[in-house]
file upload_5.txt (compact mmCIF, C-alpha atoms)
# COMPACT_ATOMS: atom_id res chain seq x y z
CA MET A 1495 114.36 104.01 118.24
CA GLN A 1496 115.11 100.89 116.24
CA SER A 1497 112.46 98.72 117.92
CA LEU A 1498 109.68 100.93 116.48
CA ILE A 1499 110.85 100.73 112.87
CA GLY A 1500 108.65 98.56 110.65
CA THR A 1501 105.03 97.58 111.23
CA GLY A 1502 103.10 98.40 114.36
CA VAL A 1503 99.42 97.48 114.53
CA ALA A 1504 96.64 99.44 116.21
CA LEU A 1505 94.87 96.70 118.15
CA VAL A 1506 91.08 96.53 118.12
CA THR A 1507 89.12 95.90 121.31
CA PRO A 1508 86.98 92.85 120.49
CA PHE A 1509 83.52 92.72 122.03
CA LYS A 1510 81.15 89.82 122.65
CA LYS A 1511 77.63 90.04 121.27
CA ASP A 1512 76.53 91.59 124.57
CA PHE A 1513 79.11 94.40 124.02
CA SER A 1514 81.38 93.31 126.88
CA VAL A 1515 85.15 93.14 126.26
CA ASP A 1516 86.12 89.73 124.87
CA THR A 1517 89.52 89.04 126.45
CA GLU A 1518 89.83 85.58 124.89
CA ALA A 1519 89.41 87.08 121.41
CA LEU A 1520 91.93 89.80 122.26
CA ILE A 1521 94.48 87.14 123.21
CA ARG A 1522 93.84 85.37 119.88
CA ILE A 1523 94.33 88.63 117.98
CA VAL A 1524 97.58 89.43 119.81
CA ASN A 1525 98.92 85.97 118.95
CA HIS A 1526 97.74 86.36 115.34
CA VAL A 1527 99.71 89.57 114.79
CA VAL A 1528 102.78 88.50 116.77
CA ASP A 1529 102.95 85.21 114.84
CA GLY A 1530 102.38 87.20 111.63
CA GLY A 1531 105.68 89.02 112.08
CA VAL A 1532 104.77 92.59 113.03
CA GLU A 1533 107.34 94.62 114.95
CA TYR A 1534 105.22 96.20 117.72
CA LEU A 1535 101.70 96.58 119.14
CA VAL A 1536 99.70 99.75 119.83
CA VAL A 1537 97.12 99.52 122.62
CA LEU A 1538 94.04 101.77 123.09
CA GLY A 1539 94.33 103.85 119.96
CA THR A 1540 91.33 105.05 117.96
CA THR A 1541 91.02 101.56 116.42
CA GLY A 1542 90.66 100.17 119.94
CA GLU A 1543 87.44 102.19 120.39
CA SER A 1544 89.01 103.81 123.44
CA ALA A 1545 86.43 106.62 123.30
CA THR A 1546 83.68 104.19 124.35
CA LEU A 1547 85.60 102.16 126.95
CA SER A 1548 85.21 102.75 130.67
CA GLN A 1549 88.31 103.21 132.81
CA ASP A 1550 87.95 99.66 134.17
CA GLU A 1551 87.66 98.29 130.61
CA LYS A 1552 90.78 100.17 129.55
CA GLU A 1553 92.68 98.62 132.47
CA LEU A 1554 91.37 95.17 131.46
CA VAL A 1555 92.52 95.66 127.84
CA ILE A 1556 95.97 96.83 128.95
CA LYS A 1557 96.39 93.91 131.37
CA THR A 1558 95.20 91.38 128.77
CA VAL A 1559 97.54 92.63 126.05
CA ILE A 1560 100.57 92.77 128.38
CA GLU A 1561 99.96 89.20 129.53
CA ALA A 1562 99.20 87.87 126.03
CA ASN A 1563 102.25 89.55 124.52
CA ASN A 1564 104.43 88.17 127.33
CA GLY A 1565 107.37 90.40 126.45
CA ARG A 1566 107.55 89.24 122.84
CA LEU A 1567 107.11 92.65 121.16
CA PRO A 1568 107.44 96.30 122.21
CA LEU A 1569 104.18 97.92 123.31
CA VAL A 1570 102.95 101.47 122.68
CA LEU A 1571 100.02 102.93 124.64
CA GLY A 1572 97.55 105.49 123.36
CA VAL A 1573 97.45 108.40 125.85
CA GLY A 1574 95.91 111.52 124.40
CA GLY A 1575 92.94 113.85 124.43
CA ASN A 1576 91.71 117.39 124.11
CA ASN A 1577 92.06 118.24 127.81
CA THR A 1578 95.79 118.87 128.27
CA HIS A 1579 95.59 118.82 132.08
CA LYS A 1580 93.86 115.43 132.08
CA VAL A 1581 96.45 113.92 129.70
CA VAL A 1582 99.29 115.25 131.87
CA GLU A 1583 97.67 113.83 135.01
CA GLU A 1584 97.35 110.39 133.40
CA LEU A 1585 101.01 110.45 132.36
CA LYS A 1586 102.06 111.36 135.89
CA THR A 1587 99.95 108.70 137.62
CA ARG A 1588 99.79 105.69 135.26
CA ASP A 1589 102.30 102.84 135.46
CA LEU A 1590 103.93 102.93 132.04
CA SER A 1591 106.72 100.46 132.80
CA ALA A 1592 105.42 97.88 130.30
CA PHE A 1593 105.42 100.36 127.43
CA GLN A 1594 108.19 101.60 125.17
CA ALA A 1595 106.38 104.79 124.16
CA ILE A 1596 103.04 106.56 124.20
CA LEU A 1597 101.07 107.57 121.11
CA SER A 1598 99.38 110.91 121.72
CA VAL A 1599 96.79 112.32 119.35
CA SER A 1600 96.68 116.02 118.50
CA PRO A 1601 93.80 117.67 120.44
CA TYR A 1602 90.47 117.11 118.69
CA TYR A 1603 87.32 119.24 118.53
CA ASN A 1604 88.91 122.26 120.25
CA LYS A 1605 90.71 123.17 116.98
CA PRO A 1606 93.79 124.77 118.61
CA THR A 1607 96.19 126.99 116.68
CA GLN A 1608 99.64 125.63 115.80
CA GLU A 1609 100.96 127.39 118.91
CA GLY A 1610 98.24 125.69 120.97
CA ILE A 1611 99.24 122.31 119.53
CA TYR A 1612 102.88 123.06 120.35
CA GLN A 1613 102.08 124.05 123.94
CA HIS A 1614 99.88 120.95 124.41
CA PHE A 1615 102.67 118.61 123.34
CA LYS A 1616 105.25 120.60 125.31
CA ALA A 1617 103.20 119.78 128.42
CA VAL A 1618 102.85 116.14 127.35
CA ALA A 1619 106.59 115.77 126.67
CA GLU A 1620 107.52 117.33 130.01
CA ALA A 1621 105.11 115.03 131.89
CA SER A 1622 105.83 111.75 130.11
CA PRO A 1623 108.39 109.41 131.70
CA ILE A 1624 108.73 107.50 128.40
CA PRO A 1625 109.15 108.55 124.74
CA VAL A 1626 106.27 110.25 122.93
CA ILE A 1627 104.99 109.61 119.40
CA LEU A 1628 102.83 112.44 118.08
CA TYR A 1629 99.68 111.52 116.13
CA ASN A 1630 98.37 113.77 113.38
CA VAL A 1631 94.98 112.71 111.98
CA PRO A 1632 93.16 115.81 110.67
CA GLY A 1633 90.18 113.78 109.47
CA ARG A 1634 89.36 113.02 113.12
CA THR A 1635 90.76 116.05 114.96
CA ALA A 1636 89.57 118.86 112.64
CA SER A 1637 93.04 120.45 112.72
CA ASN A 1638 96.28 119.65 110.90
CA MET A 1639 99.59 119.60 112.73
CA VAL A 1640 101.80 121.18 110.07
CA PRO A 1641 105.38 120.05 109.45
CA SER A 1642 106.94 123.19 110.95
CA THR A 1643 105.16 122.54 114.26
CA VAL A 1644 106.22 118.87 114.26
CA ILE A 1645 109.86 119.73 113.51
CA ARG A 1646 109.85 122.41 116.20
CA LEU A 1647 108.61 119.87 118.75
CA ALA A 1648 111.09 117.24 117.56
CA ASN A 1649 114.00 119.67 117.97
CA ASP A 1650 112.87 121.06 121.32
CA PHE A 1651 112.03 117.81 123.14
CA LYS A 1652 114.32 114.81 122.84
CA ASN A 1653 111.67 112.43 124.16
CA ILE A 1654 109.38 113.28 121.22
CA ILE A 1655 110.77 110.55 119.01
CA GLY A 1656 108.34 110.35 116.09
CA ILE A 1657 105.00 111.08 114.51
CA LYS A 1658 102.21 108.89 113.23
CA GLU A 1659 101.31 110.95 110.16
CA ALA A 1660 97.77 110.22 108.97
CA ALA A 1661 96.87 113.30 106.95
CA GLY A 1662 96.91 111.14 103.81
CA ASP A 1663 99.09 113.81 102.19
CA ILE A 1664 102.28 112.37 100.71
CA VAL A 1665 103.72 115.85 100.08
CA GLN A 1666 103.31 116.76 103.76
CA ALA A 1667 104.90 113.45 104.74
CA MET A 1668 107.86 114.14 102.45
CA LYS A 1669 108.37 117.57 104.01
CA LEU A 1670 108.49 115.92 107.43
CA ILE A 1671 111.03 113.37 106.20
CA GLN A 1672 113.12 116.10 104.52
CA HIS A 1673 113.36 118.37 107.57
CA LYS A 1674 113.20 115.98 110.54
CA PRO A 1675 116.14 115.67 112.94
CA GLU A 1676 118.24 112.52 112.67
CA GLY A 1677 116.60 109.51 114.30
CA PHE A 1678 113.10 111.03 114.35
CA LEU A 1679 110.53 108.49 113.11
CA VAL A 1680 108.01 109.47 110.45
CA ILE A 1681 105.45 106.68 110.69
CA SER A 1682 102.59 106.24 108.23
CA GLY A 1683 99.11 106.32 109.75
CA ASP A 1684 97.47 105.62 106.41
CA ASP A 1685 97.74 102.06 105.10
CA MET A 1686 97.31 103.01 101.43
CA VAL A 1687 100.29 105.39 101.35
CA THR A 1688 102.53 103.37 103.67
CA LEU A 1689 104.80 102.00 100.97
CA PRO A 1690 105.35 105.36 99.19
CA MET A 1691 106.12 106.94 102.58
CA VAL A 1692 108.60 104.19 103.48
CA LEU A 1693 110.31 104.51 100.10
CA ALA A 1694 110.54 108.27 100.60
CA GLY A 1695 112.42 107.72 103.87
CA GLY A 1696 109.68 106.94 106.39
CA SER A 1697 110.18 104.52 109.27
CA GLY A 1698 107.18 102.23 108.79
CA VAL A 1699 103.52 102.24 109.79
CA ILE A 1700 101.01 101.95 112.58
CA SER A 1701 98.52 99.91 110.62
CA VAL A 1702 94.94 98.68 110.66
CA ILE A 1703 95.05 96.25 107.70
CA GLY A 1704 98.30 94.90 109.15
CA GLU A 1705 96.20 93.40 111.93
CA GLY A 1706 94.15 91.34 109.52
CA PHE A 1707 97.01 90.32 107.23
CA PRO A 1708 100.13 90.77 109.38
CA LYS A 1709 102.37 88.42 107.42
CA GLU A 1710 101.81 90.10 104.04
CA PHE A 1711 101.68 93.71 105.24
CA SER A 1712 104.71 93.57 107.54
CA GLU A 1713 106.69 91.85 104.78
CA MET A 1714 105.71 94.65 102.38
CA VAL A 1715 107.07 97.22 104.83
CA ARG A 1716 110.31 95.28 105.37
CA LEU A 1717 110.80 94.99 101.61
CA GLY A 1718 110.20 98.73 101.29
CA LEU A 1719 112.77 99.49 104.00
CA GLU A 1720 115.21 97.23 102.12
CA ARG A 1721 114.44 99.14 98.88
CA LYS A 1722 113.12 95.99 97.18
CA VAL A 1723 110.55 98.08 95.36
CA ASP A 1724 109.00 95.63 92.89
CA GLU A 1725 108.54 92.89 95.47
CA ALA A 1726 107.06 95.38 97.93
CA TYR A 1727 104.58 96.80 95.42
CA LYS A 1728 103.43 93.29 94.53
CA LEU A 1729 102.24 92.87 98.13
CA HIS A 1730 100.83 96.41 98.21
CA TYR A 1731 98.60 95.69 95.23
CA LEU A 1732 97.64 92.29 96.63
CA LEU A 1733 96.17 94.05 99.68
CA ALA A 1734 95.07 97.39 98.17
CA ASP A 1735 91.41 96.42 97.66
CA SER A 1736 91.14 95.23 101.25
CA ILE A 1737 92.49 98.57 102.53
CA ASP A 1738 89.72 100.38 100.66
CA MET A 1739 87.13 97.94 101.97
CA ILE A 1740 88.03 98.11 105.66
CA PHE A 1741 87.71 101.90 105.67
CA GLU A 1742 84.68 102.10 103.35
CA GLN A 1743 82.17 102.14 106.21
CA GLY A 1744 84.45 103.24 109.01
CA ASN A 1745 87.17 101.96 111.28
CA PRO A 1746 87.18 99.58 113.15
CA ALA A 1747 83.94 98.12 111.74
CA GLY A 1748 85.80 97.02 108.61
CA ILE A 1749 88.75 95.34 110.29
CA LYS A 1750 86.39 93.64 112.76
CA ALA A 1751 84.58 92.12 109.76
CA VAL A 1752 87.99 90.74 108.67
CA PHE A 1753 88.49 89.21 112.13
CA LYS A 1754 85.06 87.62 112.00
CA SER A 1755 85.95 86.05 108.64
CA LEU A 1756 89.23 84.81 110.11
CA GLY A 1757 87.34 83.28 113.07
CA LEU A 1758 89.25 85.38 115.62
CA SER A 1759 86.43 87.50 117.07
CA GLU A 1760 82.91 88.78 116.65
CA ASP A 1761 82.44 91.88 114.48
CA THR A 1762 80.63 93.78 117.28
CA VAL A 1763 81.26 97.53 117.60
CA ARG A 1764 79.80 100.00 120.07
CA LEU A 1765 77.51 102.88 119.20
CA PRO A 1766 77.79 105.38 117.65
CA LEU A 1767 79.64 102.94 115.37
CA VAL A 1768 77.67 100.23 113.58
CA ASN A 1769 78.62 97.05 111.76
CA VAL A 1770 79.39 97.09 108.05
CA ASN A 1771 76.40 96.21 105.88
CA GLU A 1772 75.81 92.77 104.37
CA ASP A 1773 77.21 93.67 100.95
CA LEU A 1774 80.53 94.89 102.35
CA ALA A 1775 80.73 92.01 104.84
CA LYS A 1776 80.42 89.54 101.95
CA ARG A 1777 83.07 91.32 99.88
CA ILE A 1778 85.43 91.33 102.86
CA ASP A 1779 84.72 87.65 103.53
CA ASP A 1780 85.42 86.78 99.87
CA PHE A 1781 88.71 88.69 99.99
CA VAL A 1782 89.80 87.00 103.22
CA LYS A 1783 89.09 83.56 101.75
CA LYS A 1784 91.14 84.44 98.68
CA ILE A 1785 94.15 85.51 100.73
CA VAL A 1786 93.97 82.74 103.31
CA ASN A 1787 93.56 80.04 100.68

call {"tool": "encode", "arguments": {"input": "upload_5.txt", "output": "structure tokens"}}
result
Amino acid sequence: MQSLIGTGVALVTPFKKDFSVDTEALIRIVNHVVDGGVEYLVVLGTTGESATLSQDEKELVIKTVIEANNGRLPLVLGVGGNNTHKVVEELKTRDLSAFQAILSVSPYYNKPTQEGIYQHFKAVAEASPIPVILYNVPGRTASNMVPSTVIRLANDFKNIIGIKEAAGDIVQAMKLIQHKPEGFLVISGDDMVTLPMVLAGGSGVISVIGEGFPKEFSEMVRLGLERKVDEAYKLHYLLADSIDMIFEQGNPAGIKAVFKSLGLSEDTVRLPLVNVNEDLAKRIDDFVKKIVN
């Protein structure tokens, strides 16, 4: 799927100081990343704090992003969970007409076997009216979706079109790239290894830092896809310190500190997440000023 090659960004859900959803800030952020040159937007992923949003708030976020985007870029919606039946029901009942694909995380907390993971995504693929991107993030789910399981799913279900691979393991990513069927997207879910993954044959990234610095990060990915290695690595190293900083005290607290420095939104997060501390906030602010100026 050509439209999902390059840089996608996992949109945050900005909150006002009273913790309510800040739709005006969300519109500003959508415009910031669209104008910055990213290829697509991901709505209600982990970075969007979907775990602490009510159903009404999720609908508000979806509506706001669709209207702000106004058809400019493809949209991907996060639809996943550790209750297979509930995920299937959402896929059967939700209007997905505005979205090009769903991003569905491997079941967390339950710690299913590889066969359990396969059966979960079999049910998801059979229920979804639009293409499915798998999401492997062992640091959050407590289980790793191994390459053989991913390739089995990719071969068995034509609407499973890719994987967001966020194990942070370049060897695992290379095995996926080596054995994947033609046209299957191996998408980085880890900003720091995005460029090596792209150069190894990956399709791009679903990024967090790409939200803060969309122009530089999406250009790095395009240069990588064009095999302009030296130019791409120049941008990688320009942003590398900021990637470390935004994840130092958790996501999305770090990227929200970037948005506060950019004047796009407050840095408010909902419990159990907390804001970054003053030291990190200052270092992030200094970095933002350096890049923007």

call {"tool": "residues_around", "arguments": {"input": "upload_5.txt", "residues": "segment 1708-1725 of chain A", "least_positions_apart": "2", "cutoff": "7 Å", "atoms": "only C-alpha atoms", "output": "ChimeraX atom specification"}}
result
/A:1500-1501,1527,1530-1532,1689,1692-1693,1698,1704-1706,1727-1730

call {"tool": "closest_residue", "arguments": {"input": "upload_5.txt", "among": "A:Lys1557, A:Tyr1629, A:Gly1610, A:Lys1511", "to": "Val1573 of chain A", "atoms": "all atoms listed in the file"}}
result
A:Tyr1629

call {"tool": "closest_atom_pairs", "arguments": {"input": "upload_5.txt", "of": "segment 1740-1766 of chain A", "to": "segment 1516-1524 of chain A", "cutoff": "9 Å", "atoms": "only C-alpha atoms", "output": "JSON lines"}}
result
{"residue": "A:Phe1753", "atom": "CA", "partner": "A:Ile1523", "partner_atom": "CA", "distance": 8.3}
{"residue": "A:Leu1758", "atom": "CA", "partner": "A:Ala1519", "partner_atom": "CA", "distance": 6.0}
{"residue": "A:Ser1759", "atom": "CA", "partner": "A:Ala1519", "partner_atom": "CA", "distance": 5.3}
{"residue": "A:Glu1760", "atom": "CA", "partner": "A:Ala1519", "partner_atom": "CA", "distance": 8.2}

call {"tool": "closest_residue", "arguments": {"input": "upload_5.txt", "among": "A:His1614, A:Lys1605, A:Lys1652, A:Lys1669", "to": "Thr1578 of chain A", "atoms": "all atoms listed in the file"}}
result
A:His1614

call {"tool": "closest_residue", "arguments": {"input": "upload_5.txt", "among": "A:Ser1642, A:Asn1649, A:Ser1697, A:Ser1598", "to": "Asn1630 of chain A", "atoms": "all atoms listed in the file"}}
result
A:Ser1598

call {"tool": "closest_atom_pairs", "arguments": {"input": "upload_5.txt", "of": "segment 1499-1612 of chain A", "to": "segment 1638-1641 of chain A", "cutoff": "8 Å", "atoms": "only C-alpha atoms", "output": "JSON lines"}}
result
{"residue": "A:Ser1600", "atom": "CA", "partner": "A:Met1639", "partner_atom": "CA", "distance": 7.4}
{"residue": "A:Gln1608", "atom": "CA", "partner": "A:Met1639", "partner_atom": "CA", "distance": 6.8}
{"residue": "A:Ile1611", "atom": "CA", "partner": "A:Met1639", "partner_atom": "CA", "distance": 7.3}

call {"tool": "write_last_selection", "arguments": {"input": "upload_5.txt", "atoms": "C-alpha atoms", "output": "PDB file, in the coordinates of the input"}}
result
ATOM      1  CA  SER A1600      96.680 116.020 118.500  1.00  0.00           C
ATOM      2  CA  GLN A1608      99.640 125.630 115.800  1.00  0.00           C
ATOM      3  CA  ILE A1611      99.240 122.310 119.530  1.00  0.00           C
TER       4      ILE A1611
END

call {"tool": "axis_aligned_box", "arguments": {"input": "upload_5.txt", "around": "segment 1527-1542 of chain A", "padding_each_side": "8 Å", "output": "AutoDock Vina command-line options"}}
result
--center_x 99.0 --center_y 95.1 --center_z 117.4 --size_x 32.7 --size_y 35.8 --size_z 27.5

call {"tool": "closest_residue", "arguments": {"input": "upload_5.txt", "among": "A:Ala1734, A:Ile1654, A:Met1495, A:Leu1505", "to": "Ile1749 of chain A", "atoms": "only C-alpha atoms"}}
result
A:Leu1505

call {"tool": "closest_residue", "arguments": {"input": "upload_5.txt", "among": "A:Ser1637, A:Asn1653, A:Ser1514, A:Thr1607", "to": "Ala1619 of chain A", "atoms": "all atoms listed in the file"}}
result
A:Asn1653

call {"tool": "atom_distance", "arguments": {"input": "upload_5.txt", "atom1": "atom CA of Ala1621 of chain A", "atom2": "atom CA of Arg1566 of chain A"}}
result
27.4 Å

call {"tool": "closest_residue", "arguments": {"input": "upload_5.txt", "among": "A:Arg1646, A:His1579, A:Lys1586, A:Arg1764", "to": "Glu1609 of chain A", "atoms": "all atoms listed in the file"}}
result
A:Arg1646

call {"tool": "residues_around", "arguments": {"input": "upload_5.txt", "residues": "Leu1567 of chain A", "least_positions_apart": "4", "cutoff": "8 Å", "atoms": "only C-alpha atoms", "output": "list in words"}}
result
Val1528, Glu1533, Tyr1534, Leu1535 and Asn1563 of chain A

call {"tool": "atom_distance", "arguments": {"input": "upload_5.txt", "atom1": "atom CA of Val1503 of chain A", "atom2": "atom CA of Lys1658 of chain A"}}
result
11.8 Å

call {"tool": "residues_around", "arguments": {"input": "upload_5.txt", "residues": "Val1536 of chain A", "least_positions_apart": "4", "cutoff": "10 Å", "atoms": "all atoms listed in the file", "output": "tab-separated table (two decimals) with C-alpha atoms, keeping the file's coordinate frame"}}
result
chain	number	residue	atom	x	y	z
A	1502	GLY	CA	103.10	98.40	114.36
A	1503	VAL	CA	99.42	97.48	114.53
A	1504	ALA	CA	96.64	99.44	116.21
A	1505	LEU	CA	94.87	96.70	118.15
A	1506	VAL	CA	91.08	96.53	118.12
A	1541	THR	CA	91.02	101.56	116.42
A	1542	GLY	CA	90.66	100.17	119.94
A	1559	VAL	CA	97.54	92.63	126.05
A	1568	PRO	CA	107.44	96.30	122.21
A	1569	LEU	CA	104.18	97.92	123.31
A	1570	VAL	CA	102.95	101.47	122.68
A	1571	LEU	CA	100.02	102.93	124.64
A	1572	GLY	CA	97.55	105.49	123.36
A	1593	PHE	CA	105.42	100.36	127.43
A	1595	ALA	CA	106.38	104.79	124.16
A	1596	ILE	CA	103.04	106.56	124.20
A	1597	LEU	CA	101.07	107.57	121.11
A	1700	ILE	CA	101.01	101.95	112.58
A	1701	SER	CA	98.52	99.91	110.62
